[in-house]
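Please read the structure below before turning to the comments.
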Amino acid sequence: MSTPKEPQYRKRVGYQAVLLGGFSTLATALLVAGNIATKDDIMARQKEDLLRSLNQVVPTEYYDSDLLDQPLSIPDNKGDNLTVYRGLQGMQVNALAWEVVGKGYAGDIRLIMGINAKGEVLGVRVLSHAETPGLGDKIEVAKDDWILGFNDHSLDNTSNQQWRVKKDGGKFDQFSGATITPRAIVTAVHDGLVFFQQHTDELLRPPVINSDDEPLQRASLSE
Amino acid sequence: MSSDYRRITKDGLWDNNIVFAQALGLCPLLAVTGTATNGLGMGLATTVVMVASGLLISLLRGIITPQVRIPVFVLIIAVLVTLVDMSMNAWVHDLHKVLGLFIPLIVTNCAILGRAESFASRNTVVKSMYDGLMMGIGFTFAMVLLGAAREILGSGTLFNNAAQLLGSWAHFIEITLIDDYKGFLLIILPPGGFLVMGFILAMKRLLDRKMAEREQKATEASAELQPESS
């Protein structure tokens with residue numbers, strides 16, 4: 001570039017245009033190649049991640065099927081589609097897990113919750129959040145075991161009045177200095193249980209297994 | 001020749017440090033230096049990209065004309081970062097989960113474009129890569145320093161979660177300095193990044209001035225000595 005005498009053709013607009021166009025084409029080709037090379041691996045990794053987070057809220061002894069197999073898609077009260085993963089034991093739906101969202105102090109808190117067929121919470125975990133470090137981040141199981149306090153609670157054994165933080169007259173602890181974060185999670189988990197109550201039949205109906213499809217699906221999953 | 005490399009080393013690490021002298025790359029700097037570990041992760045990822053962009057841009061410096069150099073450099077850096085991001089996601093997924101947040105942010109680091117423009121486009125391949133390495137190490141040093149200062153003041157720990165980044169052997173550098181510390185929220189939030197950065201910049205200036213004074217005294221002393229000895 002700082003060569004003393006520059007050849008004449010390099011000053012032409014055409015050379016510049018071809019240069020820029022050439023680099024853009026090359027960049028696109030590289031990105032396409034990169035995408036093709038990594039796509040399948042990234043998908044597989046994401047599936048592993050999903051299964052790992054599902055296994056945190058649904059213990060493996062609750063099912064003998066593939067959790068990721070045939071997820072249900074049901075619209076929730078706000079009209080968004082919820083993806084519900086089901087764990088089967090034999091032909092019975094024995095455990096369910098889906099994502100819920102709480103409105104935290106700093107944006108959405110994404111949670112995954114698992115329940116058994118009786119509507120009792122098996123586990124709740126935070127998938128992502130932007131709460132204040134040191135105050136609101138006690139919702140992470142790695143930092144505090146507060147989130148384990150939801151285990152075994154259901155709408156039957158805990159009244160609507162009790163599904164609140166202690167400050168609001170409920171039975172769940174808040175953190176010193178942070179009430180909004182735990183309040184958001186308690187509300188989100190409660191909403192999740194209400195969703196289960198409203199859609200119990202639909203959620204617990206065993207999946208219809210088409211005898212033609214079934215072996216095919218199993219085969220493709222075991223690949 | 002070797003004095004060239006000494007110059008590059010000194011520039012990258014101190015005299016022309018990306019953060020402390022050029023004040024570039026402040027976007028990733030303020031965003032991720034809440035802890036020393038995050039600073040280290042971001043610094044290392046940036047170093048890799050700087051060395052690679054130094055290599056590519058110095059290789060291509062013969063065919064890129066000055067008129068279109070900036071879009072071409074931006075394109076090269078963006079492709080490089082995206083490829084690094086994709087391949088880490090696919091093949092070193094655990095590391096990607098820790099660093100993944102930082103990698104797209106590297107594109108916003110104008111220091112990389114700055115070095116491509118002011119160094120790699122006018123120097124040989126080896127020199128450019130060496131410059132990228134030194135600038136990257138200087139950047140990492142600045143990120144870790146700032147992250148450590150903010151982490152100590154803000155949460156009372158040092159290198160928290162380092163084992164996630166470096167592997168389980170790194171548990172021993174995770175230190176809780178102040179037990180039962182209530183935290184200093186302002187320092188952890190982005191404004192705290194500016195505050196701490198300001199203090200560090202002031203300290204660097206002070207150090208530089210002290211060093212210059214000492215040097216001046218040394219030359220004055222030798223100048224006074226000379227007439228006597230002659």
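As shown in the structure tokens, the chain order sets the letters A, B, ...; within each chain, residues go from 1, and ligands are also counted from 1 in the order they appear.
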Check: Leaving out stretch 38-54 of chain B and any residue of its chain fewer than 2 positions from it, which residues lie within 8 Å of it when counting only C-alpha atoms, given as a PyMOL selection string?
Finding: chain B and resi 28-29+32-36+56-58+76-77+80-81+99+102-103+106+112+115-116+120+125+128-133+135-137+139-141+143-144+146-147+165
Can you write just those residues out, N, CA and C atoms, as a CSV table (one decimal), in the first residue's frame?
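See part.csv below for the written result:
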chain,number,residue,atom,x,y,z
B,28,PRO,N,-16.1,-3.2,24.6
B,28,PRO,CA,-15.9,-4.5,25.3
B,28,PRO,C,-15.3,-4.3,26.7
B,29,LEU,N,-14.5,-3.3,26.8
B,29,LEU,CA,-13.8,-3.1,28.1
B,29,LEU,C,-14.8,-2.8,29.2
B,32,VAL,N,-17.4,-6.0,29.9
B,32,VAL,CA,-17.1,-7.3,30.5
B,32,VAL,C,-16.2,-7.3,31.6
B,33,THR,N,-15.6,-6.2,32.0
B,33,THR,CA,-14.6,-6.2,33.1
B,33,THR,C,-15.2,-6.2,34.5
B,34,GLY,N,-16.4,-6.7,34.7
B,34,GLY,CA,-16.9,-6.8,36.0
B,34,GLY,C,-16.1,-7.8,36.9
B,35,THR,N,-15.4,-8.8,36.3
B,35,THR,CA,-14.6,-9.6,37.1
B,35,THR,C,-13.3,-9.8,36.3
B,36,ALA,N,-12.2,-10.2,37.0
B,36,ALA,CA,-10.9,-10.4,36.4
B,36,ALA,C,-11.0,-11.6,35.4
B,56,LEU,N,-3.5,-11.8,8.0
B,56,LEU,CA,-4.2,-11.7,6.7
B,56,LEU,C,-4.0,-10.3,6.1
B,57,ILE,N,-4.1,-9.3,6.9
B,57,ILE,CA,-4.0,-8.0,6.3
B,57,ILE,C,-2.6,-7.6,5.7
B,58,SER,N,-1.6,-8.1,6.4
B,58,SER,CA,-0.3,-7.8,5.9
B,58,SER,C,0.0,-8.7,4.7
B,76,ILE,N,-12.8,-8.3,6.5
B,76,ILE,CA,-11.9,-9.4,6.9
B,76,ILE,C,-12.0,-9.7,8.3
B,77,ILE,N,-12.1,-8.6,9.1
B,77,ILE,CA,-12.2,-8.8,10.6
B,77,ILE,C,-13.5,-9.5,11.0
B,80,LEU,N,-13.5,-13.1,10.0
B,80,LEU,CA,-12.6,-13.8,10.9
B,80,LEU,C,-13.3,-14.1,12.2
B,81,VAL,N,-13.9,-13.1,12.8
B,81,VAL,CA,-14.6,-13.3,14.1
B,81,VAL,C,-15.8,-14.2,14.0
B,99,LEU,N,-16.9,-18.1,26.7
B,99,LEU,CA,-16.4,-17.0,26.0
B,99,LEU,C,-17.4,-16.5,24.9
B,102,PHE,N,-18.4,-13.0,24.6
B,102,PHE,CA,-17.5,-11.9,24.2
B,102,PHE,C,-17.1,-11.9,22.8
B,103,ILE,N,-17.2,-13.0,22.1
B,103,ILE,CA,-16.7,-13.1,20.7
B,103,ILE,C,-17.3,-12.1,19.8
B,106,ILE,N,-16.0,-8.7,19.9
B,106,ILE,CA,-14.7,-8.4,19.4
B,106,ILE,C,-14.8,-7.5,18.2
B,112,ILE,N,-8.8,-3.3,16.8
B,112,ILE,CA,-8.3,-4.3,15.8
B,112,ILE,C,-8.2,-3.6,14.4
B,115,ARG,N,-5.2,-1.2,14.4
B,115,ARG,CA,-3.9,-1.8,14.2
B,115,ARG,C,-3.7,-2.3,12.7
B,116,ALA,N,-4.9,-2.8,12.1
B,116,ALA,CA,-4.8,-3.2,10.7
B,116,ALA,C,-4.4,-2.0,9.9
B,120,ALA,N,-0.5,-3.2,10.3
B,120,ALA,CA,-0.4,-4.4,9.5
B,120,ALA,C,-0.4,-4.1,8.0
B,125,VAL,N,4.7,-9.6,7.2
B,125,VAL,CA,3.8,-10.5,7.9
B,125,VAL,C,4.2,-10.8,9.3
B,128,SER,N,3.8,-7.9,11.6
B,128,SER,CA,2.4,-7.6,11.9
B,128,SER,C,1.8,-8.6,12.9
B,129,MET,N,2.2,-9.9,12.7
B,129,MET,CA,1.7,-10.8,13.7
B,129,MET,C,2.2,-10.6,15.1
B,130,TYR,N,3.5,-10.2,15.1
B,130,TYR,CA,4.2,-9.9,16.4
B,130,TYR,C,3.5,-8.7,17.1
B,131,ASP,N,3.2,-7.7,16.2
B,131,ASP,CA,2.5,-6.5,16.7
B,131,ASP,C,1.1,-6.9,17.3
B,132,GLY,N,0.4,-7.7,16.5
B,132,GLY,CA,-0.9,-8.2,17.0
B,132,GLY,C,-0.8,-8.9,18.4
B,133,LEU,N,0.2,-9.7,18.5
B,133,LEU,CA,0.4,-10.5,19.7
B,133,LEU,C,0.7,-9.5,20.9
B,135,MET,N,0.1,-6.2,21.1
B,135,MET,CA,-1.0,-5.3,21.4
B,135,MET,C,-2.1,-6.1,22.1
B,136,GLY,N,-2.3,-7.4,21.7
B,136,GLY,CA,-3.2,-8.3,22.4
B,136,GLY,C,-2.9,-8.5,23.9
B,137,ILE,N,-1.6,-8.8,24.1
B,137,ILE,CA,-1.2,-9.0,25.5
B,137,ILE,C,-1.3,-7.7,26.3
B,139,PHE,N,-3.5,-5.5,25.8
B,139,PHE,CA,-5.0,-5.3,26.0
B,139,PHE,C,-5.4,-6.3,27.1
B,140,THR,N,-5.0,-7.5,27.1
B,140,THR,CA,-5.3,-8.5,28.1
B,140,THR,C,-4.9,-8.0,29.5
B,141,PHE,N,-3.7,-7.5,29.5
B,141,PHE,CA,-3.2,-6.9,30.8
B,141,PHE,C,-4.1,-5.8,31.3
B,143,MET,N,-7.3,-5.3,30.6
B,143,MET,CA,-8.6,-5.9,30.9
B,143,MET,C,-8.5,-6.6,32.3
B,144,VAL,N,-7.4,-7.4,32.5
B,144,VAL,CA,-7.3,-8.1,33.8
B,144,VAL,C,-7.2,-7.1,34.9
B,146,LEU,N,-8.1,-3.9,35.1
B,146,LEU,CA,-9.4,-3.3,35.4
B,146,LEU,C,-10.4,-4.2,36.0
B,147,GLY,N,-10.5,-5.4,35.4
B,147,GLY,CA,-11.4,-6.4,36.0
B,147,GLY,C,-11.1,-6.7,37.4
B,165,LEU,N,-13.3,-21.0,33.0
B,165,LEU,CA,-12.6,-20.5,31.8
B,165,LEU,C,-11.4,-21.4,31.6
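Those residues of chain A that fall within 8 Å of chain B when using only C-alpha atoms read A:Met1, A:Ser2, A:Arg10, A:Gln16, A:Leu19, A:Leu20, A:Phe23, A:Ser24, A:Ala27, A:Leu30, A:Leu31, A:Gly34, A:Asn35, A:Thr38, A:Lys39, A:Asp41, A:Ile42, A:Arg45, A:Pro133, A:Gly134.
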Note to self: When you count only C-alpha atoms, which of these residues is closest to B:Trp14: B:Ile178, B:Leu166, B:Ala142, B:Val126?
What the structure shows: B:Ala142
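With only C-alpha atoms taken into account, the protein and nucleic acid residues at most 12 Å from A:Gln198 (excluding it and anything under 4 positions from it in its own chain) are Ile74, Pro75, Asp76, Asn77, Gly119, Leu155, Asp191, Gly192, Leu193, Val194, Glu202, Leu203 and Leu204 of chain A.
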Margin query: Taking the DSSP secondary structure from the backbone, can you list the residues of stretch 25-207 of chain B that are strand (DSSP E), as a PyMOL selection string?
Written below: chain B and resi 157-158+175-176
Notebook entry, point to check: To one decimal place, how far is atom CA of A:Ala44 from atom CA of A:Tyr63 in Å?
Noted result: 21.6 Å
Checklist line | Pairwise distance for atom CA of A:Tyr105 and atom CA of A:Glu131, rounded to one decimal in Å | finding: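 Result for atom CA of A:Tyr105 versus atom CA of A:Glu131: 6.2 Å, one decimal.
For the set A:Val93, A:Val165, A:Ile139, A:Val32, the residue with the smallest atom-to-atom gap to A:Tyr62 is A:Val93, counting only C-alpha atoms.
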Next item on the list: Find the spatial neighbours of A:Leu88, counting only C-alpha atoms, within a cut-off of 10 Å - ignore same-chain residues fewer than 4 positions away - and output them as JSON, numbers by chain.
Entry: {"A": [62, 63, 64, 65, 66, 67, 69, 92, 93, 94, 95, 96, 204, 206, 207]}
Would you mind exporting the chosen residues as a tab-separated table (two decimals), in the first residue's frame, restricted to N, CA and C atoms?
chain	number	residue	atom	x	y	z
A	62	TYR	N	-37.84	-40.46	36.27
A	62	TYR	CA	-39.24	-40.18	35.97
A	62	TYR	C	-39.66	-40.60	34.57
A	63	TYR	N	-38.71	-40.98	33.73
A	63	TYR	CA	-39.10	-41.31	32.35
A	63	TYR	C	-38.15	-42.34	31.76
A	64	ASP	N	-38.66	-43.07	30.76
A	64	ASP	CA	-37.78	-43.99	30.04
A	64	ASP	C	-37.84	-43.72	28.54
A	65	SER	N	-38.36	-42.54	28.17
A	65	SER	CA	-38.45	-42.18	26.75
A	65	SER	C	-37.41	-41.10	26.44
A	66	ASP	N	-37.43	-40.63	25.21
A	66	ASP	CA	-36.56	-39.52	24.85
A	66	ASP	C	-37.32	-38.22	25.11
A	67	LEU	N	-36.76	-37.41	26.02
A	67	LEU	CA	-37.45	-36.18	26.42
A	67	LEU	C	-37.69	-35.24	25.23
A	69	ASP	N	-38.29	-36.06	22.26
A	69	ASP	CA	-39.13	-36.68	21.25
A	69	ASP	C	-40.53	-36.06	21.30
A	92	GLN	N	-47.54	-43.71	29.86
A	92	GLN	CA	-48.07	-42.63	30.69
A	92	GLN	C	-47.15	-41.41	30.65
A	93	VAL	N	-47.75	-40.22	30.53
A	93	VAL	CA	-46.96	-39.01	30.69
A	93	VAL	C	-46.67	-38.85	32.18
A	94	ASN	N	-45.41	-38.90	32.52
A	94	ASN	CA	-45.06	-38.93	33.94
A	94	ASN	C	-44.40	-37.63	34.41
A	95	ALA	N	-43.84	-36.88	33.49
A	95	ALA	CA	-43.19	-35.63	33.86
A	95	ALA	C	-43.26	-34.68	32.67
A	96	LEU	N	-43.32	-33.38	32.97
A	96	LEU	CA	-43.40	-32.38	31.92
A	96	LEU	C	-42.40	-31.27	32.23
A	204	LEU	N	-51.51	-34.25	29.52
A	204	LEU	CA	-51.26	-35.60	30.03
A	204	LEU	C	-51.71	-36.69	29.05
A	206	PRO	N	-51.54	-39.27	26.43
A	206	PRO	CA	-50.34	-39.93	25.89
A	206	PRO	C	-50.22	-39.64	24.40
A	207	PRO	N	-49.01	-39.48	23.91
A	207	PRO	CA	-48.84	-39.16	22.49
A	207	PRO	C	-49.36	-40.30	21.62
Notebook entry, point to check: DSSP says helix (DSSP H, G or I) for which residues of stretch 49-202 of chain B? Put them as number ranges by chain?
Noted result: B: 49-62, 66-91, 93-99, 103-106, 110-118, 120-122, 125-155, 162-166, 168-173, 185-188, 190-202
File dump, residues just selected, C-alpha atoms, as a CSV table (one decimal), in the first residue's frame:
chain,number,residue,atom,x,y,z
B,49,VAL,CA,-8.2,-12.3,16.4
B,50,MET,CA,-5.5,-9.6,16.4
B,51,VAL,CA,-2.8,-12.0,15.4
B,52,ALA,CA,-4.9,-13.6,12.7
B,53,SER,CA,-6.0,-10.2,11.3
B,54,GLY,CA,-2.4,-9.0,11.3
B,55,LEU,CA,-1.4,-12.1,9.3
B,56,LEU,CA,-4.2,-11.7,6.7
B,57,ILE,CA,-4.0,-8.0,6.3
B,58,SER,CA,-0.3,-7.8,5.9
B,59,LEU,CA,-0.5,-10.7,3.4
B,60,LEU,CA,-3.0,-8.8,1.3
B,61,ARG,CA,-1.5,-5.3,1.7
B,62,GLY,CA,-0.1,-5.5,-1.8
B,66,PRO,CA,-5.9,2.9,-0.1
B,67,GLN,CA,-9.3,4.0,-1.4
B,68,VAL,CA,-11.2,0.8,-0.4
B,69,ARG,CA,-9.0,-0.4,2.4
B,70,ILE,CA,-11.4,0.4,5.3
B,71,PRO,CA,-14.4,-1.6,4.0
B,72,VAL,CA,-12.1,-4.5,3.1
B,73,PHE,CA,-10.4,-4.5,6.6
B,74,VAL,CA,-13.8,-4.4,8.3
B,75,LEU,CA,-15.0,-7.3,6.1
B,76,ILE,CA,-11.9,-9.4,6.9
B,77,ILE,CA,-12.2,-8.8,10.6
B,78,ALA,CA,-15.9,-9.6,10.7
B,79,VAL,CA,-15.5,-12.8,8.7
B,80,LEU,CA,-12.6,-13.8,10.9
B,81,VAL,CA,-14.6,-13.3,14.1
B,82,THR,CA,-17.7,-15.0,12.8
B,83,LEU,CA,-15.6,-18.1,11.7
B,84,VAL,CA,-13.9,-18.2,15.1
B,85,ASP,CA,-17.3,-18.0,16.8
B,86,MET,CA,-18.9,-20.7,14.7
B,87,SER,CA,-16.0,-23.2,15.0
B,88,MET,CA,-15.7,-22.7,18.7
B,89,ASN,CA,-19.5,-23.2,19.1
B,90,ALA,CA,-19.2,-26.5,17.1
B,91,TRP,CA,-16.0,-28.0,18.4
B,93,HIS,CA,-18.6,-25.9,23.0
B,94,ASP,CA,-17.8,-25.7,26.7
B,95,LEU,CA,-15.3,-22.9,26.2
B,96,HIS,CA,-17.7,-21.3,23.8
B,97,LYS,CA,-20.3,-21.2,26.6
B,98,VAL,CA,-17.9,-19.1,28.7
B,99,LEU,CA,-16.4,-17.0,26.0
B,103,ILE,CA,-16.7,-13.1,20.7
B,104,PRO,CA,-19.3,-11.1,18.8
B,105,LEU,CA,-18.2,-8.1,20.9
B,106,ILE,CA,-14.7,-8.4,19.4
B,110,CYS,CA,-12.0,-0.6,16.9
B,111,ALA,CA,-8.5,-1.3,18.2
B,112,ILE,CA,-8.3,-4.3,15.8
B,113,LEU,CA,-9.2,-2.1,12.8
B,114,GLY,CA,-6.8,0.5,14.2
B,115,ARG,CA,-3.9,-1.8,14.2
B,116,ALA,CA,-4.8,-3.2,10.7
B,117,GLU,CA,-4.8,0.4,9.4
B,118,SER,CA,-1.8,1.8,11.1
B,120,ALA,CA,-0.4,-4.4,9.5
B,121,SER,CA,-1.1,-2.6,6.2
B,122,ARG,CA,2.4,-1.2,6.1
B,125,VAL,CA,3.8,-10.5,7.9
B,126,VAL,CA,6.0,-11.6,10.8
B,127,LYS,CA,6.2,-8.0,12.2
B,128,SER,CA,2.4,-7.6,11.9
B,129,MET,CA,1.7,-10.8,13.7
B,130,TYR,CA,4.2,-9.9,16.4
B,131,ASP,CA,2.5,-6.5,16.7
B,132,GLY,CA,-0.9,-8.2,17.0
B,133,LEU,CA,0.4,-10.5,19.7
B,134,MET,CA,2.0,-7.6,21.7
B,135,MET,CA,-1.0,-5.3,21.4
B,136,GLY,CA,-3.2,-8.3,22.4
B,137,ILE,CA,-1.2,-9.0,25.5
B,138,GLY,CA,-1.2,-5.3,26.4
B,139,PHE,CA,-5.0,-5.3,26.0
B,140,THR,CA,-5.3,-8.5,28.1
B,141,PHE,CA,-3.2,-6.9,30.8
B,142,ALA,CA,-5.4,-3.8,30.8
B,143,MET,CA,-8.6,-5.9,30.9
B,144,VAL,CA,-7.3,-8.1,33.8
B,145,LEU,CA,-6.1,-5.1,35.7
B,146,LEU,CA,-9.4,-3.3,35.4
B,147,GLY,CA,-11.4,-6.4,36.0
B,148,ALA,CA,-9.4,-7.2,39.1
B,149,ALA,CA,-9.8,-3.7,40.5
B,150,ARG,CA,-13.6,-3.7,39.9
B,151,GLU,CA,-14.0,-7.2,41.2
B,152,ILE,CA,-12.1,-6.5,44.4
B,153,LEU,CA,-13.9,-3.2,45.1
B,154,GLY,CA,-17.3,-4.4,43.8
B,155,SER,CA,-17.7,-7.9,45.1
B,162,ALA,CA,-11.8,-18.8,36.8
B,163,ALA,CA,-12.1,-22.6,36.8
B,164,GLN,CA,-14.9,-22.3,34.2
B,165,LEU,CA,-12.6,-20.5,31.8
B,166,LEU,CA,-9.3,-22.3,32.5
B,168,SER,CA,-10.6,-27.1,37.2
B,169,TRP,CA,-6.9,-26.6,38.1
B,170,ALA,CA,-7.6,-22.9,38.3
B,171,HIS,CA,-9.7,-23.2,41.5
B,172,PHE,CA,-6.7,-22.1,43.5
B,173,ILE,CA,-6.6,-18.6,42.0
B,185,LEU,CA,-22.8,-2.0,43.2
B,186,LEU,CA,-21.7,1.2,41.4
B,187,ILE,CA,-18.3,-0.3,40.7
B,188,ILE,CA,-19.8,-3.4,39.1
B,190,PRO,CA,-20.7,0.3,33.7
B,191,PRO,CA,-20.2,3.7,35.3
B,192,GLY,CA,-17.9,2.0,37.7
B,193,GLY,CA,-15.9,0.9,34.8
B,194,PHE,CA,-15.4,4.5,33.7
B,195,LEU,CA,-14.5,5.6,37.2
B,196,VAL,CA,-11.9,2.8,37.8
B,197,MET,CA,-10.5,3.4,34.3
B,198,GLY,CA,-10.1,7.1,35.1
B,199,PHE,CA,-8.0,6.3,38.2
B,200,ILE,CA,-5.9,3.8,36.3
B,201,LEU,CA,-5.2,6.3,33.5
B,202,ALA,CA,-4.3,9.0,36.1
